[in-house]
Amino acid sequence: MEELIRKFIEHLEKDERKSANTCQSYYRDLRQMSDWISSSFGVDDAAVYSGSNLKEYYDFLVNAGKSPATISRFVASAKAFFEYLTRQGLILHDPCTALKAPKVIRKKPSILTEAETVKLLSAPDEDNKGVRDKAMLELMCDTGLRVSELLGITLSDIDVQKRQITVPGSRTRKIQYDKKVNRYLEEYLETSRNALLGDQKDEGYLFLNVSGESMSRQGFWKLIKKYGKEAGIGTELTPHVLRHSFAAHALRSGKDIKKVQSIMGHSDLSTTSGYLNM
């Protein structure tokens, strides 16, 4: 199982370009599942996994008091893993077909007001780091990108002439961004990026840290918390707050809901419609 799990994680990293955090979560969930099923049933071969094996593990998580969110994440990990194995011809039957995630009661997401968004976007300085941060924040607030998508953008993914980003993944999509955002991106590309890169080998990622390497998820979280504090924003600022804010503001301004769905990369329109009354 270990070898198959590692092949799957490699597929997520290279082909679907999932974030390191997502890949670690999938790996942890699948290892815990395989260890438990191995010790409980002596089953170590994915080809002989059964739906009842997985249901027993599901019930174990429930009885252990795991939260619906944790159990839902396991179900998502298992479904993606066995679907991949089936697609690759490594197993004949998918044992996850009857496995269903529990309902997760979600809190209404926090969003920024338009005034708070303006303050946030005005917070970065005009030095090399500030130019980079301004470009990142403007792009995220204008497109609703996930943080993993923002940090995974490469130079080949962006077309400043067309003002368009190609977002790779299981559902590759192209996103148009505003002229104003393009000005900040061009400034960053023409000056600050090279300064940040220095003597480092260029790996091709759009946004770099001060060491000339790709910006990390943790690094970006620290930045937005810093700017949120400087802008006097009371809401706990996270990348998800910026994504939620984009969706709510776009729909409030009259943008077509299916267009917003496409931009956000939602597979279900009901997910997008949840922002209509925010």
# chains A, B, ... in the order shown; residues from 1 in each chain; ligands from 1
>>> select_by_dssp(residues="segment 53-268 of chain A", states="strand (DSSP E or B)", output="list in words")
Thr154, Ile158, Asp159, Gln164, Ile165, Thr166, Val167, Arg173, Lys174, Ile175, Gln176, Tyr205, Leu208 and Ser214 of chain A
>>> closest_atom_pairs(of="segment 122-176 of chain A", to="segment 237-243 of chain A", cutoff="9 Å", atoms="only C-alpha atoms", output="tab-separated table")
residue	atom	partner	partner_atom	distance
A:Leu137	CA	A:Leu242	CA	8.7
A:Met140	CA	A:Leu242	CA	7.0
A:Cys141	CA	A:Leu242	CA	6.0
A:Thr143	CA	A:Arg243	CA	7.9
A:Gly144	CA	A:Arg243	CA	4.3
A:Leu145	CA	A:Arg243	CA	6.3
A:Arg146	CA	A:Arg243	CA	6.7
A:Val147	CA	A:Pro239	CA	6.0
>>> select_by_dssp(residues="segment 76-153 of chain A", states="alpha helix (DSSP H)", output="ChimeraX atom specification")
/A:76-87,114-121,128-143,147-152
>>> closest_residue(among="A:Ser273, A:Ser72, A:Asn63, A:Ser267", to="Arg173 of chain A", atoms="only C-alpha atoms")
A:Ser267
>>> residues_around(residues="segment 117-121 of chain A", least_positions_apart="3", cutoff="12 Å", atoms="only C-alpha atoms", output="ChimeraX atom specification")
/A:111-114,124-125,130-142,181,184,223-235,237,241-243,245-246,249
>>> write_last_selection(atoms="C-alpha atoms", output="compact mmCIF listing (two decimals), in the first residue's frame")
# COMPACT_ATOMS: atom_id res chain seq x y z
CA ILE A 111 -15.92 38.58 4.39
CA LEU A 112 -14.33 42.00 4.17
CA THR A 113 -16.35 45.11 3.50
CA GLU A 114 -15.40 46.99 0.35
CA PRO A 124 1.94 47.42 1.25
CA ASP A 125 4.94 49.74 0.89
CA GLY A 130 5.73 45.72 -1.08
CA VAL A 131 5.38 45.70 -4.88
CA ARG A 132 5.22 41.91 -4.79
CA ASP A 133 2.68 41.91 -1.95
CA LYS A 134 0.54 44.52 -3.67
CA ALA A 135 0.46 42.39 -6.85
CA MET A 136 -0.42 39.24 -4.88
CA LEU A 137 -3.22 40.87 -2.90
CA GLU A 138 -4.68 42.67 -5.90
CA LEU A 139 -4.67 39.46 -7.94
CA MET A 140 -6.25 37.42 -5.17
CA CYS A 141 -8.96 39.98 -4.41
CA ASP A 142 -9.75 40.33 -8.12
CA VAL A 181 -4.16 44.36 -11.51
CA TYR A 184 0.83 45.92 -10.58
CA LEU A 223 1.89 38.65 5.18
CA ILE A 224 -1.87 39.02 5.08
CA LYS A 225 -2.14 38.94 8.87
CA LYS A 226 0.48 41.70 9.03
CA TYR A 227 -1.33 43.84 6.47
CA GLY A 228 -4.70 43.16 8.07
CA LYS A 229 -3.35 44.48 11.37
CA GLU A 230 -1.80 47.53 9.70
CA ALA A 231 -5.10 48.24 7.91
CA GLY A 232 -7.02 48.04 11.19
CA ILE A 233 -9.18 45.13 10.03
CA GLY A 234 -10.92 43.45 12.96
CA THR A 235 -11.80 40.25 11.07
CA LEU A 237 -7.65 37.66 7.98
CA VAL A 241 -11.55 35.40 3.77
CA LEU A 242 -10.15 37.04 0.63
CA ARG A 243 -11.62 34.29 -1.57
CA SER A 245 -14.94 38.32 -0.14
CA PHE A 246 -14.30 38.17 -3.88
CA HIS A 249 -18.64 41.24 -3.83
>>> atom_distance(atom1="atom CA of Phe82 of chain A", atom2="atom CA of Ala47 of chain A")
9.6 Å
>>> residues_around(residues="Tyr27 of chain A", least_positions_apart="3", cutoff="10 Å", atoms="only C-alpha atoms", output="ChimeraX atom specification")
/A:2,5-6,8-9,21-24,30-33,77,81
>>> residues_around(residues="Thr191 of chain A", least_positions_apart="2", cutoff="12 Å", atoms="only C-alpha atoms", output="list in words")
Glu126, Asp127, Asn128, Lys129, Gly130, Val131, Arg132, Tyr184, Leu185, Glu186, Glu187, Tyr188, Leu189, Arg193, Asn194, Ala195, Leu196, Leu197 and Gly198 of chain A
